[in-house]
Amino acid sequence: MSRRPASLLVRDVPRSRALGVLVAVGAVAVTTLVIYPLRHVAPPVSTGIVYLLAVLLVSTYWGWRFGLLTAVASTAAFNVFHIPPTGRFAIADAQNWVALGVFFAAAGIASALAELARSRAADAERRRQEADLAAEMARTLLGGAELRQTLPVASAKLAHALNLRHASIELGDVQPAVQDVAVALDLGERGATIRVPADADPQAIVGLRERVAPALAALLAAALERDRLQAEVVETAALRRSDVIKTALLRAVSHDLRSPLTSIIAAGDALRSPTMPAGERDELGGLVVNEAARLSRLVEKLLDLSRLQAGAAEPRRDWCSIEEVVGSAVEHLEARDGETGVQIALDRGLPLMRADAAQLERVFVNLLENARRYCGGHPVKVRARVVGGVLNVRVIDRGPGIAQRDLPFVFEPFRQDAGGAEHGGAGLGLAIVKGFVEANGGRVRVESQPHQGTVVALEFPLAAEDTVGATAR
Amino acid sequence: MSGGAVQRVLVCDDEHQILRALRAVLREAGFQVEATATAKEALVAAAIRPPDAAIIDLMLPDRDGIEVCRELRCWTQMPILVLSAVGDEAQKVQALEAGADDYVTKPFGPRELVARVRAMLRRADSGAAEPIVTVEGLEIDLARRVVRRDGTEVHLTPIEYDLLRVLIRGRGRLMTHRALLQEVWGPQWGDDTRVLRTHIANLRRKIEPHGSPRYIRTDAGVGYRFSA
């Protein structure tokens, strides 16, 4: 209910009858007292008009029945106290009979008019409230969020506006609970239901059924349509994005696969020459091996990525230790490229975690490869510690860092920054890292300061039982 | 190599090019090579003239390479090396449990392959256990159950000692988690890799130089081996 004074005129809930009678009697008494001293100054017939105020007051607030009652009481009081002979129910002068009759008629008409105004105002107020409600619903339902998020909010607002204990708007035809009343909404292809308590004010339910429901149905239909369109937009965007990725993939594949192949074929062909000096032969042989190894790494990454994107990288989770995983990643790199210069500083007694050790090894091989590629000769550091039930691992390099505008895209495949290609990366590493980390229940983020370095931070939540230190057994 | 006789290696891979390359690489390394392209051929060849070692691809056209390992293990203790694809740790574990001694992941370098084959043959050769094993500053006296690092005795719990002993007995050989659990704890411990990892971590802390494991190597998702 509005708190504005105007709403007093239109209380839907009738005010108490006893109070009505009390106010009617009081108003008549006060009027009588007020005009009593005037009986010598003004002719009694003319002061009678003042009673009309009392009649208007009562009929405005309590309706025409109370208004008429007040009119009768006023007539009686006027007769007794003001029309001679005063003090009893009698009228001496015929002229006063006419006056009294006119007064009664005027009081009756005034009361009817007040009642009419009252009901018009009530009507207008109700419509205003309904319009407010409709506007509010439109704002809520069409405001941008998805329907399944806005429906509970709209339900609460509906309940509040209609003064109901609770109300719920549900999509589909819902079988109402015994204590509820269901109002069906027709949305065209599918239905919806408003459920309100069965013991709610019948008037409110009628209002809900007749006036609120149709408006709400139209809004819901619009909101559903909007949801559908939005889903389509998202889908289209995803398709477009996957198209972009495919194009990038093709470009990367054609470039990154072709260039080592070209050198392998050329070198292999040259090796067949019988006149080639031994030194050169050796060099070309080395080139074939190196280029083939490069190719092999790229293929491995492409396989990892396509496995991840196809959802075929289901982790085989088992207890594993981050120490071991990092250690074997470093070993892997050392076996391949020689000394890595990676500094490992893990807290002692780190707990075991449940993850796919082989996938985590791929994560660290990729991270360390990246870090080494960009570290500019500075050592790469790996740190790990447990903070509040979460295992934090950080891979830190002191390379040139990543430009602020590129940071949001570092996890997208093939989105390496401009300098990446000349460092020999295909821009797949971080996409694979993110894929495997998330498949194993972790999170990854990148922090970077240009000219300071880059930190890749991994977080793996540990189950409560895992936080027992490795030394505890 | 013992005895001076040329050692024979059975190779089974259905990829003709790989077979050719393997033959060249192994011959270059001084082995005699028997090349086969199917599981059936390999099993027949092995039965007719038992080789000193076998290299089996896990993806064969007629049968699973794991089955070949299992069948060979029915009658021979010769070292078996399997060739596996990237990223399939479950398959590697299965092959090792079926009797393979080690695996290499395709694509592999010829040097790595030859090194693995030699290591396997050396292990198979050294029948008698030495009472004292010494590896780069780590000395394990198997008779007296004493472990020394750089001359100082390291105190190990009985379980840690058993782990180390089992790893050393198979020196260079990859032991799956389950194999280690069964050897050290007994068959009922089946898959409790957690307890294994905890003890490996403790053992490493006692014998390894801090930060870089030298003796006990991890094969992520597969198992451990004691550095050869």
# chains A, B, ... in the order shown; residues from 1 in each chain; ligands from 1
call {"tool": "select_by_dssp", "arguments": {"residues": "chain B", "states": "alpha helix (DSSP H)", "output": "ChimeraX atom specification"}}
result
/B:16-28,39-48,65-73,89-97,110-125,158-169,177-184,193-207
call {"tool": "closest_atom_pairs", "arguments": {"of": "chain A", "to": "chain B", "cutoff": "9 Å", "atoms": "only C-alpha atoms", "output": "CSV"}}
result
residue,atom,partner,partner_atom,distance
A:Val289,CA,B:Gly109,CA,8.5
A:Ala293,CA,B:Pro107,CA,8.4
A:Ser296,CA,B:Pro107,CA,7.1
A:Glu300,CA,B:Val86,CA,7.5
A:Asp304,CA,B:Gly87,CA,8.4
A:Arg316,CA,B:Ala90,CA,8.4
A:Asp318,CA,B:Thr193,CA,7.4
A:Trp319,CA,B:Arg194,CA,5.3
A:Cys320,CA,B:Arg197,CA,6.9
A:Ser321,CA,B:Arg197,CA,7.2
A:Glu323,CA,B:Ala201,CA,8.5
A:Glu324,CA,B:Thr218,CA,6.6
A:Val325,CA,B:Ala220,CA,6.5
A:Gly327,CA,B:Ser212,CA,6.9
A:Ser328,CA,B:Thr218,CA,5.8
A:Ala329,CA,B:Ala220,CA,8.6
A:Glu331,CA,B:Arg217,CA,8.7
A:Gln343,CA,B:Gly211,CA,8.4
A:Ile344,CA,B:Gly211,CA,6.4
A:Ala345,CA,B:Gly211,CA,7.5
A:Leu346,CA,B:Gly211,CA,8.4
A:Gly349,CA,B:Ala201,CA,8.7
A:Pro351,CA,B:Thr198,CA,8.9
A:Leu352,CA,B:Arg194,CA,7.5
A:Asp356,CA,B:Gly221,CA,6.8
A:Ala357,CA,B:Gly221,CA,5.0
A:Ala358,CA,B:Ala220,CA,4.9
A:Gln359,CA,B:Gly87,CA,8.3
A:Leu360,CA,B:Ala220,CA,8.5
A:Glu361,CA,B:Ala220,CA,6.8
A:Ala470,CA,B:Thr198,CA,5.5
A:Thr471,CA,B:Asn202,CA,7.0
A:Ala472,CA,B:Thr198,CA,8.7
A:Arg473,CA,B:Thr198,CA,7.2
call {"tool": "residues_around", "arguments": {"residues": "stretch 240-246 of chain A", "least_positions_apart": "4", "cutoff": "9 Å", "atoms": "only C-alpha atoms", "output": "ChimeraX atom specification"}}
result
/A:235-236,250-251,412-414
call {"tool": "select_by_dssp", "arguments": {"residues": "stretch 141-329 of chain A", "states": "strand (DSSP E)", "output": "MDAnalysis selection string"}}
result
chainID A and resid 168:171 180:186 191:197 318:320
call {"tool": "residues_around", "arguments": {"residues": "A:Gln179", "least_positions_apart": "4", "cutoff": "10 Å", "atoms": "only C-alpha atoms", "output": "count of residues only"}}
result
5
call {"tool": "closest_residue", "arguments": {"among": "A:Leu367, A:Val342, A:Val50, A:Ala131", "to": "A:Ala106", "atoms": "only C-alpha atoms"}}
result
A:Val50
call {"tool": "residues_around", "arguments": {"residues": "A:Phe66", "least_positions_apart": "3", "cutoff": "10 Å", "atoms": "only C-alpha atoms", "output": "compact mmCIF listing (two decimals) with N, CA and C atoms, in the first residue's frame"}}
result
# COMPACT_ATOMS: atom_id res chain seq x y z
N ARG A 17 -16.30 -0.86 11.25
CA ARG A 17 -17.67 -0.32 11.34
C ARG A 17 -17.88 0.43 12.63
N GLY A 20 -16.63 3.69 12.39
CA GLY A 20 -17.51 4.50 11.54
C GLY A 20 -18.65 5.09 12.34
N VAL A 21 -19.27 4.21 13.14
CA VAL A 21 -20.40 4.69 13.95
C VAL A 21 -19.90 5.75 14.92
N VAL A 23 -17.27 7.70 14.71
CA VAL A 23 -16.93 8.95 14.05
C VAL A 23 -18.21 9.70 13.64
N ALA A 24 -19.21 8.92 13.13
CA ALA A 24 -20.47 9.55 12.73
C ALA A 24 -21.11 10.27 13.91
N VAL A 55 -21.52 14.75 7.19
CA VAL A 55 -22.01 13.72 6.28
C VAL A 55 -20.95 13.41 5.21
N LEU A 57 -17.74 13.93 5.37
CA LEU A 57 -16.57 13.26 5.99
C LEU A 57 -16.82 11.75 6.13
N VAL A 58 -17.95 11.42 6.72
CA VAL A 58 -18.22 10.01 7.01
C VAL A 58 -18.43 9.23 5.71
N SER A 59 -19.18 9.79 4.77
CA SER A 59 -19.44 9.01 3.56
C SER A 59 -18.18 8.85 2.71
N THR A 60 -17.29 9.82 2.84
CA THR A 60 -16.05 9.68 2.08
C THR A 60 -15.24 8.49 2.58
N TYR A 61 -15.19 8.37 3.92
CA TYR A 61 -14.34 7.31 4.47
C TYR A 61 -15.05 5.99 4.61
N TRP A 62 -16.35 6.03 4.96
CA TRP A 62 -17.01 4.75 5.26
C TRP A 62 -18.10 4.39 4.23
N GLY A 63 -18.27 5.16 3.20
CA GLY A 63 -19.25 4.83 2.16
C GLY A 63 -20.63 5.43 2.42
N LEU A 69 -26.56 7.23 7.31
CA LEU A 69 -26.79 7.14 8.76
C LEU A 69 -26.47 8.48 9.42
N THR A 70 -25.34 9.05 8.99
CA THR A 70 -24.95 10.35 9.56
C THR A 70 -26.00 11.42 9.20
N ALA A 71 -26.51 11.32 7.94
CA ALA A 71 -27.53 12.27 7.52
C ALA A 71 -28.75 12.18 8.44
N VAL A 72 -29.16 10.91 8.73
CA VAL A 72 -30.33 10.73 9.61
C VAL A 72 -30.04 11.30 10.99
N SER A 111 -23.69 12.48 0.22
CA SER A 111 -23.11 11.19 0.60
C SER A 111 -22.92 10.31 -0.64
call {"tool": "closest_residue", "arguments": {"among": "A:Ala112, A:Ala335, A:Val437, A:Val288", "to": "B:Arg111", "atoms": "only C-alpha atoms"}}
result
A:Ala335
call {"tool": "atom_distance", "arguments": {"atom1": "atom CA of A:Ala218", "atom2": "atom CA of A:Val233"}}
result
22.6 Å
